[in-house]
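One structure is given here, and the rest of the page talks about it.
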There are 2 protein chains.
Amino acid sequence: MSKKIAGPEIERLVQLLSRMPGLGPRSARKAVLALLKRRNELLIPLTEAMQQAVEKISECPTCGNLDTVSPCSICQDARRDDSLIVVVEEVGDIWALERANIIQARYHVLGGHLSPLDGIGPDKLNIAGLLARVSTGTVKEVLLALNATVEGQSTAHYVSDLLASSGVSVSRLAQGVPMGGELDYLDEGTLAAAFKARRKI
Amino acid sequence: MSKKIAGPEIERLVQLLSRMPGLGPRSARKAVLALLKRRNELLIPLTEAMQQAVEKISECPTCGNLDTVSPCSICQDARRDDSLIVVVEEVGDIWALERANIIQARYHVLGGHLSPLDGIGPDKLNIAGLLARVSTGTVKEVLLALNATVEGQSTAHYVSDLLASSGVSVSRLAQGVPMGGELDYLDEGTLAAAFKARRKI
């Protein structure tokens, strides 16, 4: 808002909300109006939930996951396989993999991907923590479950090189046609990867 | 999240954020991750700003505007013209008109538009408050600055009928080609309205 209208409180709320991903100044104003209009059903519960998050949620010192307990509930889970560490870029990737309910192992959050143009070098990612975990000898395999983007894959190569001398097996997710994928809608890179990695049936 | 991953605190935050306009479950998860990742720069300041909003911002009993003072700063502003009330659907419309900096009058927020299919009849809008303000005798003109949608315009007709016997002049915003508008891109309704309301130059 270029002009002060309803006091600095509303303006500050608009300004902060517009910094969230997916919200611009216009949608932030709409969001603030929705919050103020639905005070008891939305604004107050959301404020309380955020207060709880501020007080209780912290980053796991072992794997970088976000949780209310420290170490996180995944690191504390005795039923999980200690020999496999699944390396991901962000905590959201842990959520996606846990929703899929396919992995009963440990995770490690790098906190992003290498991006020299944005000034994100290896020192900005939690790579040292990963090497320390691998060096304990319990880990047999490191699965680099990074995004299939240029940045994700170059980060995977970098980490993979660092792990080459550690003696652990390093793997990555398979690439190919996604379930339900229609060939006509897939990009050439995916089709080429699926062709190269074709399997006998 | 169909599966519990990082404790009920994060799930509740995702669930509440997904109720905001423009955010679905997926973008709400992204927003929560951004909040937790940028704890000091975003989560804590936003929580505080919302706490301030909960404590300080309320609906103006006179006009329905949202403000930290009651009556709101516009209703309290002695320099504004008491004889003109600009009727809008939502508080966001006041913000838009105030940003344009064209009106030095009073406002009245209806709180929406008539929408029988959604169960929003005249009793759900603050029409009684408008009639009460008009009946004091200070008001000479009521400008129905409602959206140029079917619902906005039928609400304008309804309110206009109620005000017919009050003796005040009832007006609406002009319709026509918007500034910078290219005829080729305008809908037929706008072109027809602009043609009908054409002016001698």
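As shown in the structure tokens, the chain order sets the letters A, B, ...; within each chain, residues go from 1, and ligands are also counted from 1 in the order they appear.
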Report as a Markdown table the residues of chain A within 7 Å of chain B, each with its shortest atom pair and distance in Å (one decimal), using only C-alpha atoms, ordered by chain and increasing residue number.
```
| residue | atom | partner | partner_atom | distance |
| --- | --- | --- | --- | --- |
| A:Ser2 | CA | B:Arg99 | CA | 6.8 |
| A:Lys3 | CA | B:Arg99 | CA | 5.9 |
| A:Ile5 | CA | B:Trp95 | CA | 6.7 |
| A:Ala6 | CA | B:Asp67 | CA | 5.1 |
| A:Gly7 | CA | B:Thr68 | CA | 6.6 |
| A:Glu9 | CA | B:Ala53 | CA | 6.4 |
| A:Arg12 | CA | B:Ala49 | CA | 6.8 |
| A:Leu13 | CA | B:Ala49 | CA | 5.7 |
| A:Leu16 | CA | B:Leu46 | CA | 6.0 |
| A:Met20 | CA | B:Ala31 | CA | 6.0 |
| A:Pro21 | CA | B:Ala31 | CA | 5.9 |
| A:Ala31 | CA | B:Pro21 | CA | 5.9 |
| A:Leu33 | CA | B:Gly92 | CA | 6.9 |
| A:Ala34 | CA | B:Met20 | CA | 6.9 |
| A:Leu42 | CA | B:Leu16 | CA | 6.9 |
| A:Ile44 | CA | B:Val54 | CA | 6.6 |
| A:Leu46 | CA | B:Leu16 | CA | 6.0 |
| A:Thr47 | CA | B:Thr47 | CA | 6.0 |
| A:Ala49 | CA | B:Leu13 | CA | 5.8 |
| A:Met50 | CA | B:Thr47 | CA | 6.0 |
| A:Gln51 | CA | B:Thr47 | CA | 6.4 |
| A:Gln52 | CA | B:Glu9 | CA | 6.9 |
| A:Ala53 | CA | B:Glu9 | CA | 6.4 |
| A:Val54 | CA | B:Ile44 | CA | 6.7 |
| A:Leu66 | CA | B:Ala6 | CA | 6.9 |
| A:Asp67 | CA | B:Ala6 | CA | 5.2 |
| A:Thr68 | CA | B:Gly7 | CA | 6.6 |
| A:Gly92 | CA | B:Leu33 | CA | 6.9 |
| A:Trp95 | CA | B:Ile5 | CA | 6.7 |
| A:Arg99 | CA | B:Lys3 | CA | 5.9 |
```
Selection above as a file: N, CA and C atoms, as a short mmCIF file (atom, residue, chain, number, x, y, z; two decimals), in the first residue's frame:
```
data_model
loop_
_atom_site.label_atom_id
_atom_site.label_comp_id
_atom_site.auth_asym_id
_atom_site.auth_seq_id
_atom_site.Cartn_x
_atom_site.Cartn_y
_atom_site.Cartn_z
N SER A 2 0.71 2.06 -0.99
CA SER A 2 1.54 3.25 -1.09
C SER A 2 1.08 4.32 -0.10
N LYS A 3 -0.18 4.26 0.31
CA LYS A 3 -0.71 5.28 1.20
C LYS A 3 -1.15 4.61 2.49
N ILE A 5 -3.49 3.65 5.26
CA ILE A 5 -4.94 3.63 5.28
C ILE A 5 -5.47 3.24 6.64
N ALA A 6 -5.10 2.09 7.11
CA ALA A 6 -5.74 1.57 8.31
C ALA A 6 -4.71 1.29 9.40
N GLY A 7 -3.72 2.15 9.52
CA GLY A 7 -2.74 1.98 10.58
C GLY A 7 -1.63 1.05 10.17
N GLU A 9 -0.35 -1.52 11.57
CA GLU A 9 -0.50 -2.95 11.86
C GLU A 9 -0.91 -3.73 10.61
N ARG A 12 1.87 -3.73 7.93
CA ARG A 12 2.97 -4.64 8.25
C ARG A 12 2.57 -6.10 7.97
N LEU A 13 1.33 -6.42 8.27
CA LEU A 13 0.83 -7.76 8.02
C LEU A 13 0.83 -8.05 6.52
N LEU A 16 4.53 -8.49 5.38
CA LEU A 16 5.13 -9.77 5.78
C LEU A 16 4.52 -10.93 5.00
N MET A 20 5.76 -14.42 1.63
CA MET A 20 5.57 -15.87 1.58
C MET A 20 5.58 -16.32 0.12
N PRO A 21 6.05 -17.55 -0.13
CA PRO A 21 6.05 -18.01 -1.52
C PRO A 21 4.62 -18.12 -2.03
N ALA A 31 -5.41 -11.91 1.50
CA ALA A 31 -5.24 -12.83 2.62
C ALA A 31 -5.48 -12.12 3.95
N LEU A 33 -7.33 -9.47 4.46
CA LEU A 33 -8.77 -9.23 4.60
C LEU A 33 -9.50 -10.49 5.04
N ALA A 34 -9.12 -11.63 4.46
CA ALA A 34 -9.76 -12.90 4.84
C ALA A 34 -9.48 -13.20 6.31
N LEU A 42 -10.18 -18.13 11.76
CA LEU A 42 -8.93 -18.24 11.04
C LEU A 42 -7.79 -17.45 11.70
N ILE A 44 -7.27 -16.02 14.72
CA ILE A 44 -6.83 -16.41 16.07
C ILE A 44 -6.22 -17.82 16.08
N LEU A 46 -4.81 -19.43 13.63
CA LEU A 46 -3.55 -19.43 12.89
C LEU A 46 -2.44 -18.75 13.70
N THR A 47 -2.79 -17.66 14.38
CA THR A 47 -1.81 -16.98 15.22
C THR A 47 -1.32 -17.92 16.32
N ALA A 49 -1.37 -21.24 16.23
CA ALA A 49 -0.58 -22.32 15.63
C ALA A 49 0.83 -21.85 15.31
N MET A 50 0.96 -20.60 14.88
CA MET A 50 2.28 -20.07 14.56
C MET A 50 3.09 -19.85 15.83
N GLN A 51 2.41 -19.41 16.89
CA GLN A 51 3.08 -19.23 18.18
C GLN A 51 3.63 -20.57 18.67
N GLN A 52 2.82 -21.61 18.51
CA GLN A 52 3.25 -22.97 18.86
C GLN A 52 4.47 -23.38 18.04
N ALA A 53 4.43 -23.05 16.74
CA ALA A 53 5.55 -23.40 15.86
C ALA A 53 6.82 -22.69 16.32
N VAL A 54 6.69 -21.40 16.64
CA VAL A 54 7.85 -20.63 17.11
C VAL A 54 8.44 -21.28 18.35
N LEU A 66 12.57 -30.86 10.42
CA LEU A 66 11.92 -29.96 11.36
C LEU A 66 10.95 -30.77 12.21
N ASP A 67 11.03 -30.59 13.52
CA ASP A 67 10.16 -31.38 14.39
C ASP A 67 10.06 -30.70 15.75
N THR A 68 9.10 -31.21 16.55
CA THR A 68 8.93 -30.67 17.89
C THR A 68 9.82 -31.39 18.91
N GLY A 92 10.61 -30.45 2.87
CA GLY A 92 9.41 -30.81 2.11
C GLY A 92 9.59 -32.12 1.34
N TRP A 95 8.80 -34.90 3.64
CA TRP A 95 7.34 -35.06 3.73
C TRP A 95 6.81 -35.83 2.54
N ARG A 99 5.03 -39.35 2.87
CA ARG A 99 3.65 -39.54 2.40
C ARG A 99 3.57 -40.78 1.51
#
```
Check chain A with DSSP on the backbone and list each residue it calls alpha helix (DSSP H), as an NGL selection string.
:A and (7-17 or 25-37 or 44-56 or 73-76 or 91-100 or 127-134 or 150-163 or 188-196)
Quick one: everything within 9 Å of Val87 in chain B, counting only C-alpha atoms, minus sequence neighbours fewer than 4 positions away in the same chain. Send it as a ChimeraX atom specification.
/B:106-110,130,142-146
DSSP on the backbone: which residues in range 89-159 of chain A end up as strand (DSSP E or B)? Give the answer as a PyMOL selection string.
chain A and resi 105-109+115+120+141-144
Distance in Å - CA of Asp81 in chain B versus CA of Arg133 in chain B
13.9 Å
